[in-house]
>>> print(open('structure.txt').read())   # compact mmCIF, C-alpha atoms and all ligand atoms
# COMPACT_ATOMS: atom_id res chain seq x y z
CA MET N 27 84.44 114.19 115.58
CA ALA N 28 80.79 114.24 116.31
CA ILE N 29 77.96 115.90 114.48
CA GLU N 30 77.05 118.38 117.21
CA SER N 31 73.39 118.74 116.33
CA GLU N 32 72.93 114.96 116.48
CA LYS N 33 74.74 114.47 119.74
CA ASN N 34 72.89 113.70 122.94
CA GLU N 35 74.76 114.39 126.12
CA GLY N 36 77.56 111.90 126.62
CA GLU N 37 76.86 110.30 123.25
CA ARG N 38 79.54 110.18 120.59
CA PHE N 39 79.08 109.85 116.86
CA THR N 40 81.98 109.01 114.63
CA TYR N 41 80.48 109.84 111.28
CA LEU N 42 82.14 108.02 108.38
CA ASP N 43 79.28 108.06 105.88
CA ASN N 44 79.93 111.28 104.00
CA ASN N 45 79.10 109.76 100.61
CA ALA N 46 75.53 109.34 101.89
CA THR N 47 75.35 112.91 103.11
CA THR N 48 77.60 115.48 104.73
CA PRO N 49 77.06 117.58 107.86
CA MET N 50 76.36 121.18 106.89
CA LEU N 51 79.27 123.56 106.83
CA GLU N 52 79.05 125.98 109.77
CA GLN N 53 78.94 129.11 107.55
CA ALA N 54 76.17 127.54 105.47
CA ARG N 55 74.24 126.62 108.62
CA ILE N 56 74.54 130.17 109.94
CA ALA N 57 73.48 131.63 106.60
CA LEU N 58 70.48 129.32 106.53
CA ALA N 59 69.36 130.36 110.02
CA GLU N 60 69.83 134.05 109.26
CA ARG N 61 67.92 133.97 105.99
CA LEU N 62 64.95 131.86 107.06
CA LEU N 63 62.54 134.77 106.75
CA ASP N 64 63.21 135.66 103.14
CA GLY N 65 60.51 136.35 100.56
CA ASN N 66 59.40 134.64 97.38
CA ALA N 67 62.22 135.15 94.90
CA SER N 68 59.66 135.69 92.14
CA SER N 69 57.90 138.59 93.93
CA MET N 70 58.56 142.04 92.54
CA TYR N 71 58.79 144.00 95.80
CA ALA N 72 62.11 144.61 97.54
CA LEU N 73 61.98 141.54 99.78
CA GLY N 74 61.37 139.26 96.80
CA ARG N 75 64.16 140.92 94.85
CA LYS N 76 66.48 140.39 97.80
CA SER N 77 65.65 136.67 97.80
CA LYS N 78 66.27 136.50 94.06
CA ALA N 79 69.66 138.10 94.70
CA PHE N 80 70.47 135.24 97.12
CA VAL N 81 69.59 132.74 94.42
CA GLU N 82 71.74 134.53 91.85
CA ASP N 83 74.65 134.66 94.28
CA ALA N 84 74.29 130.90 94.81
CA ARG N 85 74.18 130.34 91.05
CA LYS N 86 77.60 131.99 90.79
CA GLY N 87 78.92 129.82 93.64
CA PHE N 88 77.73 126.65 91.90
CA ALA N 89 79.23 127.83 88.60
CA GLU N 90 82.61 128.34 90.31
CA LEU N 91 82.55 124.81 91.75
CA LEU N 92 81.33 123.16 88.54
CA GLY N 93 83.44 125.18 86.11
CA CYS N 94 80.51 126.45 84.05
CA VAL N 95 78.86 129.77 83.32
CA PRO N 96 76.20 130.81 85.86
CA ASP N 97 73.43 130.92 83.24
CA ASP N 98 73.91 127.20 82.56
CA VAL N 99 73.04 126.30 86.18
CA ILE N 100 69.43 125.24 86.75
CA PHE N 101 68.52 124.77 90.41
CA THR N 102 66.71 121.52 91.22
CA SER N 103 65.87 119.55 94.35
CA GLY N 104 69.02 117.48 93.90
CA ALA N 105 70.83 114.98 91.71
CA THR N 106 67.87 112.57 91.48
CA GLU N 107 65.72 115.24 89.86
CA SER N 108 68.61 116.43 87.69
CA ASN N 109 69.29 112.89 86.46
CA ASP N 110 65.60 112.30 85.78
CA THR N 111 65.39 115.57 83.87
CA VAL N 112 68.27 114.62 81.57
CA LEU N 113 66.91 111.14 80.92
CA ASN N 114 63.53 112.69 80.19
CA ILE N 115 65.16 114.95 77.59
CA ALA N 116 66.69 111.87 75.95
CA LYS N 117 63.31 110.10 76.02
CA ARG N 118 61.74 113.06 74.19
CA LEU N 119 64.52 113.08 71.59
CA ILE N 120 64.14 109.32 71.08
CA ARG N 121 60.40 109.73 70.63
CA GLU N 122 61.08 112.28 67.87
CA LYS N 123 63.92 110.62 66.01
CA GLY N 124 64.55 107.13 67.48
CA GLY N 125 67.76 105.84 69.03
CA ARG N 126 68.70 104.71 72.54
CA ILE N 127 70.42 105.72 75.77
CA LEU N 128 73.86 104.45 76.81
CA SER N 129 74.87 104.40 80.46
CA SER N 130 76.89 102.13 82.77
CA ALA N 131 76.24 99.19 85.07
CA ILE N 132 77.38 101.12 88.15
CA GLU N 133 75.28 104.28 87.89
CA HIS N 134 73.22 105.48 90.83
CA PRO N 135 69.66 104.02 91.01
CA SER N 136 68.28 107.42 89.99
CA ILE N 137 69.71 106.60 86.55
CA ILE N 138 69.40 102.81 86.38
CA GLU N 139 65.91 102.50 87.87
CA THR N 140 64.64 105.37 85.73
CA LEU N 141 65.97 103.64 82.62
CA LYS N 142 64.18 100.43 83.63
CA ARG N 143 60.97 102.40 84.13
CA PHE N 144 61.32 104.12 80.75
CA GLU N 145 61.80 100.74 79.09
CA ALA N 146 58.81 99.19 80.84
CA ASP N 147 56.46 102.16 80.38
CA ASP N 148 57.53 103.61 77.04
CA GLY N 149 59.70 100.98 75.36
CA VAL N 150 62.79 103.21 75.52
CA GLU N 151 65.89 101.19 74.70
CA TYR N 152 69.10 101.48 76.69
CA SER N 153 72.43 99.70 77.12
CA LEU N 154 74.70 99.58 80.16
CA CYS N 155 78.46 99.63 79.66
CA PRO N 156 80.31 97.03 81.80
CA VAL N 157 83.10 97.90 84.23
CA ASP N 158 86.44 96.20 84.88
CA GLY N 159 87.58 94.46 88.08
CA GLY N 160 88.60 97.82 89.51
CA GLY N 161 85.15 99.30 89.04
CA ARG N 162 85.99 101.52 86.03
CA ILE N 163 83.93 101.55 82.87
CA ILE N 164 85.58 99.72 79.99
CA VAL N 165 86.03 102.45 77.40
CA SER N 166 86.43 100.00 74.49
CA GLU N 167 83.01 98.52 75.39
CA LEU N 168 81.53 102.01 75.47
CA GLU N 169 82.96 102.63 72.03
CA LYS N 170 81.52 99.34 70.72
CA GLU N 171 78.06 100.65 71.55
CA LEU N 172 78.70 104.17 70.29
CA VAL N 173 79.94 103.07 66.86
CA LYS N 174 76.49 101.63 66.17
CA GLY N 175 75.59 105.30 65.66
CA ASP N 176 72.14 105.30 67.33
CA VAL N 177 73.02 106.55 70.83
CA VAL N 178 71.20 109.79 71.61
CA LEU N 179 72.56 110.31 75.12
CA THR N 180 75.53 108.80 76.97
CA SER N 181 75.40 109.13 80.76
CA ILE N 182 78.44 108.17 82.83
CA MET N 183 78.99 109.16 86.46
CA ALA N 184 82.14 111.09 87.42
CA ALA N 185 82.84 108.99 90.53
CA ASN N 186 80.97 106.06 92.02
CA ASN N 187 79.22 106.55 95.36
CA GLU N 188 79.96 103.03 96.69
CA THR N 189 83.54 102.40 95.63
CA GLY N 190 84.73 105.99 95.12
CA VAL N 191 86.21 104.99 91.75
CA ILE N 192 86.73 107.95 89.41
CA GLN N 193 85.50 107.27 85.88
CA PRO N 194 87.18 108.32 82.60
CA ILE N 195 84.43 110.82 81.76
CA SER N 196 86.50 113.17 79.65
CA GLN N 197 87.46 110.26 77.36
CA ALA N 198 83.87 108.95 77.38
CA CYS N 199 82.55 112.40 76.48
CA ASP N 200 84.95 112.78 73.55
CA LEU N 201 83.94 109.35 72.23
CA ALA N 202 80.24 110.12 72.66
CA HIS N 203 80.57 113.38 70.75
CA ARG N 204 82.59 111.74 68.00
CA HIS N 205 79.69 109.35 67.45
CA GLY N 206 76.95 111.97 67.59
CA SER N 207 75.73 111.39 71.16
CA LEU N 208 75.08 114.03 73.81
CA PHE N 209 77.00 113.48 77.06
CA HIS N 210 75.75 113.74 80.64
CA THR N 211 77.71 113.10 83.81
CA ASP N 212 76.38 112.58 87.31
CA ALA N 213 79.01 114.68 89.12
CA THR N 214 77.47 114.19 92.59
CA GLN N 215 80.37 112.28 94.14
CA ILE N 216 83.31 114.15 92.60
CA LEU N 217 82.59 117.74 93.63
CA GLY N 218 84.87 118.98 96.40
CA LYS N 219 86.86 115.72 96.21
CA GLY N 220 88.47 115.62 92.80
CA ASP N 221 88.96 117.64 89.64
CA PHE N 222 85.84 118.56 87.75
CA ASP N 223 85.48 121.22 85.09
CA PHE N 224 82.27 121.29 83.08
CA ASN N 225 83.56 123.63 80.39
CA ALA N 226 87.01 122.08 79.99
CA GLY N 227 85.48 118.58 79.85
CA GLY N 228 83.08 119.68 77.11
CA TYR N 229 80.12 117.94 78.80
CA ASP N 230 76.57 118.78 77.72
CA TYR N 231 74.83 118.13 81.04
CA ALA N 232 75.94 117.55 84.66
CA SER N 233 74.04 116.75 87.87
CA CYS N 234 74.83 117.42 91.53
CA SER N 235 73.40 117.63 95.07
CA ALA N 236 74.50 120.25 97.61
CA HIS N 237 74.23 117.93 100.61
CA LYS N 238 77.20 115.93 99.29
CA PHE N 239 79.44 118.99 99.63
CA TYR N 240 78.31 120.26 103.05
CA GLY N 241 75.30 122.21 101.83
CA PRO N 242 71.66 121.62 102.79
CA LYS N 243 69.57 118.71 101.54
CA GLY N 244 66.92 119.29 98.90
CA VAL N 245 69.02 121.60 96.70
CA GLY N 246 71.05 120.63 93.69
CA ALA N 247 71.63 121.61 90.12
CA LEU N 248 71.50 120.47 86.58
CA VAL N 249 74.04 122.18 84.37
CA VAL N 250 72.94 122.44 80.76
CA ARG N 251 75.29 123.83 78.17
CA SER N 252 73.70 126.65 76.25
CA GLY N 253 72.15 125.49 72.99
CA ARG N 254 71.76 121.82 74.03
CA PRO N 255 68.33 120.17 73.78
CA TYR N 256 66.21 120.86 76.84
CA TYR N 257 62.71 119.97 78.03
CA PRO N 258 61.67 120.76 81.59
CA LEU N 259 60.55 117.94 83.85
CA LEU N 260 58.52 120.24 86.08
CA THR N 261 56.31 122.73 84.29
CA GLY N 262 53.72 125.37 85.09
CA GLY N 263 55.83 128.18 86.50
CA HIS N 264 58.25 130.63 85.02
CA GLN N 265 61.09 130.02 87.47
CA GLU N 266 64.55 129.39 86.03
CA GLY N 267 63.36 130.89 82.77
CA GLY N 268 60.74 128.13 82.49
CA ARG N 269 63.43 125.47 82.73
CA ARG N 270 62.36 124.27 86.20
CA SER N 271 59.08 125.34 87.75
CA GLY N 272 58.39 125.63 91.47
CA THR N 273 58.95 128.33 94.09
CA TYR N 274 62.64 128.95 94.61
CA ASN N 275 64.18 127.25 97.62
CA SER N 276 66.10 130.50 97.99
CA THR N 277 67.26 130.11 101.59
CA CYS N 278 68.74 126.69 101.01
CA ALA N 279 70.12 127.70 97.62
CA TYR N 280 71.95 130.59 99.28
CA ALA N 281 73.47 128.30 101.93
CA ALA N 282 74.36 125.79 99.20
CA GLY N 283 76.19 128.53 97.28
CA ILE N 284 78.32 129.22 100.35
CA ALA N 285 79.11 125.50 100.65
CA ALA N 286 79.97 125.34 96.94
CA ARG N 287 82.51 128.17 97.25
CA ALA N 288 84.09 126.54 100.31
CA ALA N 289 84.27 123.16 98.56
CA LYS N 290 86.09 124.80 95.67
CA ALA N 291 88.44 126.83 97.88
CA ASP N 292 89.47 123.89 100.10
CA ILE N 293 89.64 121.11 97.54
CA ARG N 294 93.45 120.73 97.46
CA SER N 295 94.05 120.85 101.21
CA GLU N 296 91.05 118.64 102.02
CA ALA N 297 91.93 116.07 99.36
CA GLY N 298 95.42 115.67 100.82
CA ARG N 299 94.19 115.53 104.39
CA LEU N 300 91.42 113.00 103.65
CA ALA N 301 93.68 110.78 101.56
CA ALA N 302 96.15 110.64 104.47
CA LEU N 303 93.36 109.69 106.91
CA ARG N 304 91.96 107.13 104.48
CA ASP N 305 95.40 105.56 104.03
CA ARG N 306 95.87 105.44 107.80
CA LEU N 307 92.57 103.55 108.07
CA ARG N 308 93.58 101.21 105.25
CA GLU N 309 97.01 100.44 106.73
CA GLY N 310 95.57 100.07 110.22
CA LEU N 311 92.96 97.57 109.03
CA LEU N 312 95.56 95.57 107.12
CA GLU N 313 97.70 95.34 110.27
CA ARG N 314 94.88 94.41 112.61
CA VAL N 315 92.29 92.41 110.66
CA PRO N 316 93.11 89.28 108.65
CA ASP N 317 91.24 88.22 105.51
CA ILE N 318 90.15 91.55 104.17
CA SER N 319 90.18 92.96 100.66
CA PHE N 320 89.64 96.40 99.22
CA ASN N 321 87.17 97.15 96.46
CA GLY N 322 87.86 99.63 93.69
CA ASN N 323 91.02 100.43 91.73
CA PRO N 324 93.26 102.27 94.25
CA ASP N 325 94.83 104.36 91.46
CA TYR N 326 91.52 106.04 90.70
CA LEU N 327 89.85 106.62 94.06
CA VAL N 328 88.39 109.86 95.36
CA PRO N 329 90.41 110.66 98.50
CA ASN N 330 87.68 110.07 101.07
CA THR N 331 86.37 106.59 100.25
CA LEU N 332 87.45 103.13 101.36
CA ASN N 333 85.33 100.10 100.49
CA VAL N 334 86.41 96.98 102.38
CA SER N 335 85.22 93.37 102.36
CA PHE N 336 85.62 91.44 105.62
CA ARG N 337 85.53 87.79 104.60
CA ASN N 338 82.91 85.53 106.27
CA VAL N 339 81.06 88.38 107.97
CA GLU N 340 77.82 90.03 106.88
CA GLY N 341 78.23 93.74 106.20
CA GLU N 342 74.94 94.48 107.97
CA SER N 343 76.15 92.78 111.17
CA ILE N 344 79.30 94.91 111.11
CA LEU N 345 77.24 98.05 110.48
CA LEU N 346 74.97 97.34 113.46
CA MET N 347 77.84 96.49 115.80
CA LEU N 348 79.67 99.67 114.79
CA ASP N 349 76.46 101.60 115.38
CA PHE N 350 76.51 100.39 119.00
CA GLU N 351 79.88 102.13 119.26
CA GLY N 352 78.52 105.31 117.68
CA ILE N 353 80.30 104.72 114.37
CA CYS N 354 78.26 105.44 111.23
CA VAL N 355 79.21 103.58 108.02
CA SER N 356 77.24 101.95 105.24
CA THR N 357 76.99 98.72 103.31
CA GLY N 358 76.27 98.49 99.61
CA SER N 359 73.26 96.32 100.21
CA ALA N 360 69.76 97.50 99.63
CA CYS N 361 67.36 96.16 102.21
CA ALA N 362 64.36 95.47 100.03
CA THR N 363 61.29 93.68 101.39
CA GLY N 364 63.33 91.88 103.99
CA SER N 365 65.84 90.35 101.57
CA LEU N 366 69.35 91.73 101.58
CA GLU N 367 70.63 92.04 98.05
CA PRO N 368 74.38 92.46 97.66
CA SER N 369 75.61 95.63 95.99
CA TYR N 370 75.03 95.60 92.22
CA VAL N 371 77.99 97.96 91.88
CA LEU N 372 80.40 95.47 93.48
CA LEU N 373 78.91 92.53 91.58
CA ALA N 374 79.27 94.43 88.30
CA SER N 375 82.93 95.01 89.22
CA GLY N 376 83.47 91.27 89.51
CA THR N 377 83.56 91.14 93.32
CA PRO N 378 82.60 87.60 94.42
CA ILE N 379 79.09 87.53 95.90
CA GLU N 380 80.38 86.58 99.43
CA ASP N 381 82.74 89.56 99.41
CA ALA N 382 79.96 91.84 98.17
CA HIS N 383 77.83 90.67 101.12
CA SER N 384 80.65 91.46 103.54
CA SER N 385 81.50 94.95 102.34
CA ILE N 386 81.55 98.15 104.32
CA ARG N 387 82.00 101.64 102.91
CA PHE N 388 83.89 104.16 104.98
CA SER N 389 83.55 107.67 103.56
CA LEU N 390 85.41 110.40 105.37
CA GLY N 391 84.69 114.10 105.48
CA ARG N 392 85.67 117.57 106.61
CA GLU N 393 84.96 116.94 110.28
CA ASN N 394 86.97 113.74 110.61
CA THR N 395 90.28 113.67 112.41
CA GLY N 396 92.99 111.10 113.14
CA GLU N 397 91.22 110.46 116.44
CA ASP N 398 88.20 109.09 114.55
CA ILE N 399 90.41 106.69 112.60
CA ASP N 400 92.09 105.50 115.80
CA TYR N 401 88.69 104.98 117.40
CA VAL N 402 87.55 102.78 114.48
CA LEU N 403 90.83 100.87 114.55
CA GLU N 404 90.28 100.20 118.24
CA LYS N 405 86.62 99.14 117.99
CA LEU N 406 86.43 97.29 114.68
CA PRO N 407 88.98 94.42 114.98
CA PRO N 408 87.32 92.78 118.02
CA ILE N 409 83.92 93.15 116.34
CA ILE N 410 85.13 91.28 113.26
CA GLU N 411 86.75 88.62 115.42
CA ARG N 412 83.54 88.07 117.37
CA LEU N 413 81.35 87.97 114.28
CA ARG N 414 83.69 85.50 112.62
CA GLN N 415 83.58 83.24 115.69
CA ILE N 416 79.78 83.31 115.64
CA SER N 417 79.58 82.58 111.92
CA THR N 418 82.07 79.66 112.15
CA ARG N 419 80.16 78.23 115.11
CA GLY N 420 76.94 78.56 113.16
CA ARG N 421 78.31 76.51 110.28
CA LYS N 422 79.25 73.46 112.38
N1 LIG J 501 73.94 110.28 92.16
C1 LIG J 501 74.89 109.84 93.00
C2 LIG J 501 76.19 109.37 92.44
C3 LIG J 501 74.65 109.83 94.37
O1 LIG J 501 75.60 109.39 95.19
C4 LIG J 501 73.40 110.29 94.86
C5 LIG J 501 73.09 110.26 96.35
N2 LIG J 501 73.46 109.10 97.00
C6 LIG J 501 72.45 110.74 93.94
C7 LIG J 501 72.76 110.72 92.60
C8 LIG J 501 71.11 111.23 94.38
O2 LIG J 501 71.22 112.39 95.14
P1 LIG J 501 69.95 112.96 95.91
O3 LIG J 501 69.43 111.85 96.76
O4 LIG J 501 70.48 114.11 96.69
O5 LIG J 501 68.94 113.38 94.89
>>> encode(input="structure.txt", output="structure tokens", more="lines below")
Ligand code: PMP
Amino acid sequence: MAIESEKNEGERFTYLDNNATTPMLEQARIALAERLLDGNASSMYALGRKSKAFVEDARKGFAELLGCVPDDVIFTSGATESNDTVLNIAKRLIREKGGRILSSAIEHPSIIETLKRFEADDGVEYSLCPVDGGGRIIVSELEKELVKGDVVLTSIMAANNETGVIQPISQACDLAHRHGSLFHTDATQILGKGDFDFNAGGYDYASCSAHKFYGPKGVGALVVRSGRPYYPLLTGGHQEGGRRSGTYNSTCAYAAGIAARAAKADIRSEAGRLAALRDRLREGLLERVPDISFNGNPDYLVPNTLNVSFRNVEGESILLMLDFEGICVSTGSACATGSLEPSYVLLASGTPIEDAHSSIRFSLGRENTGEDIDYVLEKLPPIIERLRQISTRGRK
């Protein structure tokens, strides 16, 4: 598989980084190109009304994927904005009546870094629930915090972006409600991969980004159950009933709605297909590469993700060598000011620091085939062998 639009002649991309972003679905891409000349969805003339109709159609598509009513969908620029909006609501509630926010140690930086900023700037208190060795939140620890009775908002992601581990959000939500806390879930990494139903789960808020389910970048949603506290993050316009100001990104929203419907329609067949490819990669690596370990509880993984540690090799070196072969993967490390920090998600899950440094995330998607897996299994083992030789030589 190659992402056609990225391919230069004779160049091959084997894209295995679908948790970072997904290539747009062909129907969504076509819809985007066809609708580029739409109007302002807030204008009252026919062209504007037509654009508004695209947005409303997309809202229904999102509602189908998320399992909510269309009116509860607020379009945003993506999960980062949605997460920030929810935390901002909690900050306002805390300012009015006190209390704190409860989240987990493995949330996306758009949650964790925002919490740190709130604490530094406004003195907002928060606690992070620990996770077990398989990367799942420890529900009894969550409960220990909730029983204190001062948690205003509990925010737990549905599935982790680095390990692919599915979190017990339904249980967490029930506990939060029992102790008087609102419940938000960052559903970005579960949609199109695993079961998610906003209404059945009883969640108060949920975030997502369309580019994680084959829609365009820069469009996402925050689902807010009717009647729950709400304060807009962006103000000044009347869009989304005053809940999120700014000219509608109607073209992209429309394409995202198409992607949402496809993600919902294909979830069963794709989940089975991707799990089979992922298992083929896992088995192949075990056969061909010694001294590896897998991160994340295998009983709770989304079907497309495999996080592997290759002992005694730096993840970044593997990434770069795979890049030479046209294979796109990611490491959990954040390259900040020249220093490579190991993944906080893996460290929180008890992964030894050396294994965290040597981890690679493979995340498969719609366009991957068995050929891609075979290609990786051909190219990767000699790369690891070479890198291990270099690192052993270096230590003498
Ligand atoms: N939450 C999770 C779990 C994610 O994986 C991501 C994207 N990596 C985000 C939030 C942020 O999404 P976006 O960058 O589209 O705003």
>>> residues_near_ligand(input="structure.txt", ligand="ligand LIG 501 (chain J)", cutoff="6 Å", atoms="all atoms listed in the file", output="mmCIF file with C-alpha atoms, in the frame of the given file")
data_model
loop_
_atom_site.group_PDB
_atom_site.id
_atom_site.type_symbol
_atom_site.label_atom_id
_atom_site.label_comp_id
_atom_site.auth_asym_id
_atom_site.auth_seq_id
_atom_site.Cartn_x
_atom_site.Cartn_y
_atom_site.Cartn_z
ATOM 1 C CA ALA N 46 75.530 109.340 101.890
ATOM 2 C CA GLY N 104 69.020 117.480 93.900
ATOM 3 C CA ALA N 105 70.830 114.980 91.710
ATOM 4 C CA THR N 106 67.870 112.570 91.480
ATOM 5 C CA HIS N 134 73.220 105.480 90.830
ATOM 6 C CA ASN N 186 80.970 106.060 92.020
ATOM 7 C CA ASN N 187 79.220 106.550 95.360
ATOM 8 C CA ASP N 212 76.380 112.580 87.310
ATOM 9 C CA THR N 214 77.470 114.190 92.590
ATOM 10 C CA GLN N 215 80.370 112.280 94.140
ATOM 11 C CA SER N 235 73.400 117.630 95.070
#
>>> residues_around(input="structure.txt", residues="Ser129 in chain N", least_positions_apart="4", cutoff="12 Å", atoms="only C-alpha atoms", output="ChimeraX atom specification")
/N:109,113,116,133-142,151-157,163-165,167-169,171-172,177-183,195,198-199,202,207-212
>>> residues_around(input="structure.txt", residues="Ala79 in chain N", least_positions_apart="2", cutoff="12 Å", atoms="all atoms listed in the file", output="number ranges by chain")
N: 64-70, 72-77, 81-86, 274, 276-277, 279-280, 283
>>> residues_near_point(input="structure.txt", point="(79.6, 97.9, 99.5)", cutoff="10 Å", atoms="only C-alpha atoms", output="list in words")
Asn187, Glu188, Thr189, Asn321, Leu332, Asn333, Val334, Ser335, Gly341, Ser356, Thr357, Gly358, Ser359, Ala360, Pro368, Ser369, Tyr370, Val371, Leu372, Leu373, Thr377, Asp381, Ala382, His383, Ser384, Ser385, Ile386, Arg387 and Phe388 of chain N
>>> write_last_selection(input="structure.txt", atoms="C-alpha atoms", output="PDB file, in the frame of the given file")
ATOM      1  CA  ASN N 187      79.220 106.550  95.360  1.00  0.00           C
ATOM      2  CA  GLU N 188      79.960 103.030  96.690  1.00  0.00           C
ATOM      3  CA  THR N 189      83.540 102.400  95.630  1.00  0.00           C
ATOM      4  CA  ASN N 321      87.170  97.150  96.460  1.00  0.00           C
ATOM      5  CA  LEU N 332      87.450 103.130 101.360  1.00  0.00           C
ATOM      6  CA  ASN N 333      85.330 100.100 100.490  1.00  0.00           C
ATOM      7  CA  VAL N 334      86.410  96.980 102.380  1.00  0.00           C
ATOM      8  CA  SER N 335      85.220  93.370 102.360  1.00  0.00           C
ATOM      9  CA  GLY N 341      78.230  93.740 106.200  1.00  0.00           C
ATOM     10  CA  SER N 356      77.240 101.950 105.240  1.00  0.00           C
ATOM     11  CA  THR N 357      76.990  98.720 103.310  1.00  0.00           C
ATOM     12  CA  GLY N 358      76.270  98.490  99.610  1.00  0.00           C
ATOM     13  CA  SER N 359      73.260  96.320 100.210  1.00  0.00           C
ATOM     14  CA  ALA N 360      69.760  97.500  99.630  1.00  0.00           C
ATOM     15  CA  PRO N 368      74.380  92.460  97.660  1.00  0.00           C
ATOM     16  CA  SER N 369      75.610  95.630  95.990  1.00  0.00           C
ATOM     17  CA  TYR N 370      75.030  95.600  92.220  1.00  0.00           C
ATOM     18  CA  VAL N 371      77.990  97.960  91.880  1.00  0.00           C
ATOM     19  CA  LEU N 372      80.400  95.470  93.480  1.00  0.00           C
ATOM     20  CA  LEU N 373      78.910  92.530  91.580  1.00  0.00           C
ATOM     21  CA  THR N 377      83.560  91.140  93.320  1.00  0.00           C
ATOM     22  CA  ASP N 381      82.740  89.560  99.410  1.00  0.00           C
ATOM     23  CA  ALA N 382      79.960  91.840  98.170  1.00  0.00           C
ATOM     24  CA  HIS N 383      77.830  90.670 101.120  1.00  0.00           C
ATOM     25  CA  SER N 384      80.650  91.460 103.540  1.00  0.00           C
ATOM     26  CA  SER N 385      81.500  94.950 102.340  1.00  0.00           C
ATOM     27  CA  ILE N 386      81.550  98.150 104.320  1.00  0.00           C
ATOM     28  CA  ARG N 387      82.000 101.640 102.910  1.00  0.00           C
ATOM     29  CA  PHE N 388      83.890 104.160 104.980  1.00  0.00           C
TER      30      PHE N 388
END
>>> atom_distance(input="structure.txt", atom1="CA of Phe336 in chain N", atom2="CA of Leu303 in chain N")
19.9 Å
>>> closest_residue(input="structure.txt", among="N:Ile115, N:Glu380, N:Ala288, N:Ile120", to="Tyr231 in chain N", atoms="only C-alpha atoms")
N:Ile115
>>> residues_around(input="structure.txt", residues="Asn225 in chain N", least_positions_apart="3", cutoff="8 Å", atoms="all atoms listed in the file", output="list in words")
Gly93, Cys94, Gly228 and Tyr229 of chain N
>>> closest_residue(input="structure.txt", among="N:Val355, N:Val99, N:Ile192, N:Leu248", to="Val112 in chain N", atoms="only C-alpha atoms")
N:Leu248
>>> residues_around(input="structure.txt", residues="range 297-301 of chain N", least_positions_apart="3", cutoff="10 Å", atoms="all atoms listed in the file", output="list of chain:residue names")
N:Gly218, N:Lys219, N:Gly220, N:Asp292, N:Ile293, N:Arg294, N:Arg304, N:Asp305, N:Arg306, N:Leu307, N:Leu327, N:Val328, N:Pro329, N:Asn330, N:Thr331, N:Leu332, N:Ser389, N:Leu390, N:Gly391, N:Arg392, N:Asn394, N:Thr395, N:Gly396
>>> atom_distance(input="structure.txt", atom1="CA of Gln193 in chain N", atom2="CA of Arg126 in chain N")
21.6 Å
>>> closest_residue(input="structure.txt", among="N:Tyr326, N:Phe320, N:Phe239, N:Phe224", to="Glu90 in chain N", atoms="all atoms listed in the file")
N:Phe224
>>> closest_residue(input="structure.txt", among="N:Phe80, N:Val150, N:Val339, N:Ala285", to="Leu62 in chain N", atoms="all atoms listed in the file")
N:Phe80
>>> closest_residue(input="structure.txt", among="N:Glu266, N:Glu411, N:Glu122, N:Glu393", to="Asp43 in chain N", atoms="only C-alpha atoms")
N:Glu393
>>> atom_distance(input="structure.txt", atom1="CA of Leu92 in chain N", atom2="CA of Val250 in chain N")
11.5 Å
>>> residues_around(input="structure.txt", residues="Val315 in chain N", least_positions_apart="6", cutoff="12 Å", atoms="all atoms listed in the file", output="MDAnalysis selection string")
chainID N and resid 307:309 334:337 403:412 414
>>> axis_aligned_box(input="structure.txt", around="range 264-268 of chain N", padding_each_side="4 Å", output="AutoDock Vina command-line options")
--center_x 61.4 --center_y 129.5 --center_z 85.0 --size_x 14.3 --size_y 10.8 --size_z 13.0
>>> closest_residue(input="structure.txt", among="N:Val173, N:Val402, N:Ala131, N:Ala236", to="Pro49 in chain N", atoms="all atoms listed in the file")
N:Ala236
>>> decode(input="structure.txt", residues="range 387-406 of chain N", atoms="C-alpha atoms", output="short mmCIF file (atom, residue, chain, number, x, y, z; two decimals), in the first residue's frame")
data_model
loop_
_atom_site.label_atom_id
_atom_site.label_comp_id
_atom_site.auth_asym_id
_atom_site.auth_seq_id
_atom_site.Cartn_x
_atom_site.Cartn_y
_atom_site.Cartn_z
CA ARG N 387 4.41 1.78 17.36
CA PHE N 388 2.96 0.12 14.30
CA SER N 389 -0.59 1.29 13.63
CA LEU N 390 -2.35 -0.27 10.68
CA GLY N 391 -5.18 1.10 8.60
CA ARG N 392 -7.69 0.63 5.82
CA GLU N 393 -5.12 0.72 3.04
CA ASN N 394 -2.76 -1.88 4.49
CA THR N 395 -2.53 -5.35 3.06
CA GLY N 396 -0.65 -8.57 3.85
CA GLU N 397 1.99 -7.40 1.37
CA ASP N 398 2.83 -4.46 3.65
CA ILE N 399 3.31 -6.79 6.61
CA ASP N 400 5.55 -9.08 4.56
CA TYR N 401 7.58 -6.07 3.43
CA VAL N 402 8.15 -4.98 7.05
CA LEU N 403 9.03 -8.52 8.06
CA GLU N 404 11.60 -8.62 5.28
CA LYS N 405 13.18 -5.21 6.00
CA LEU N 406 13.05 -4.92 9.78
#
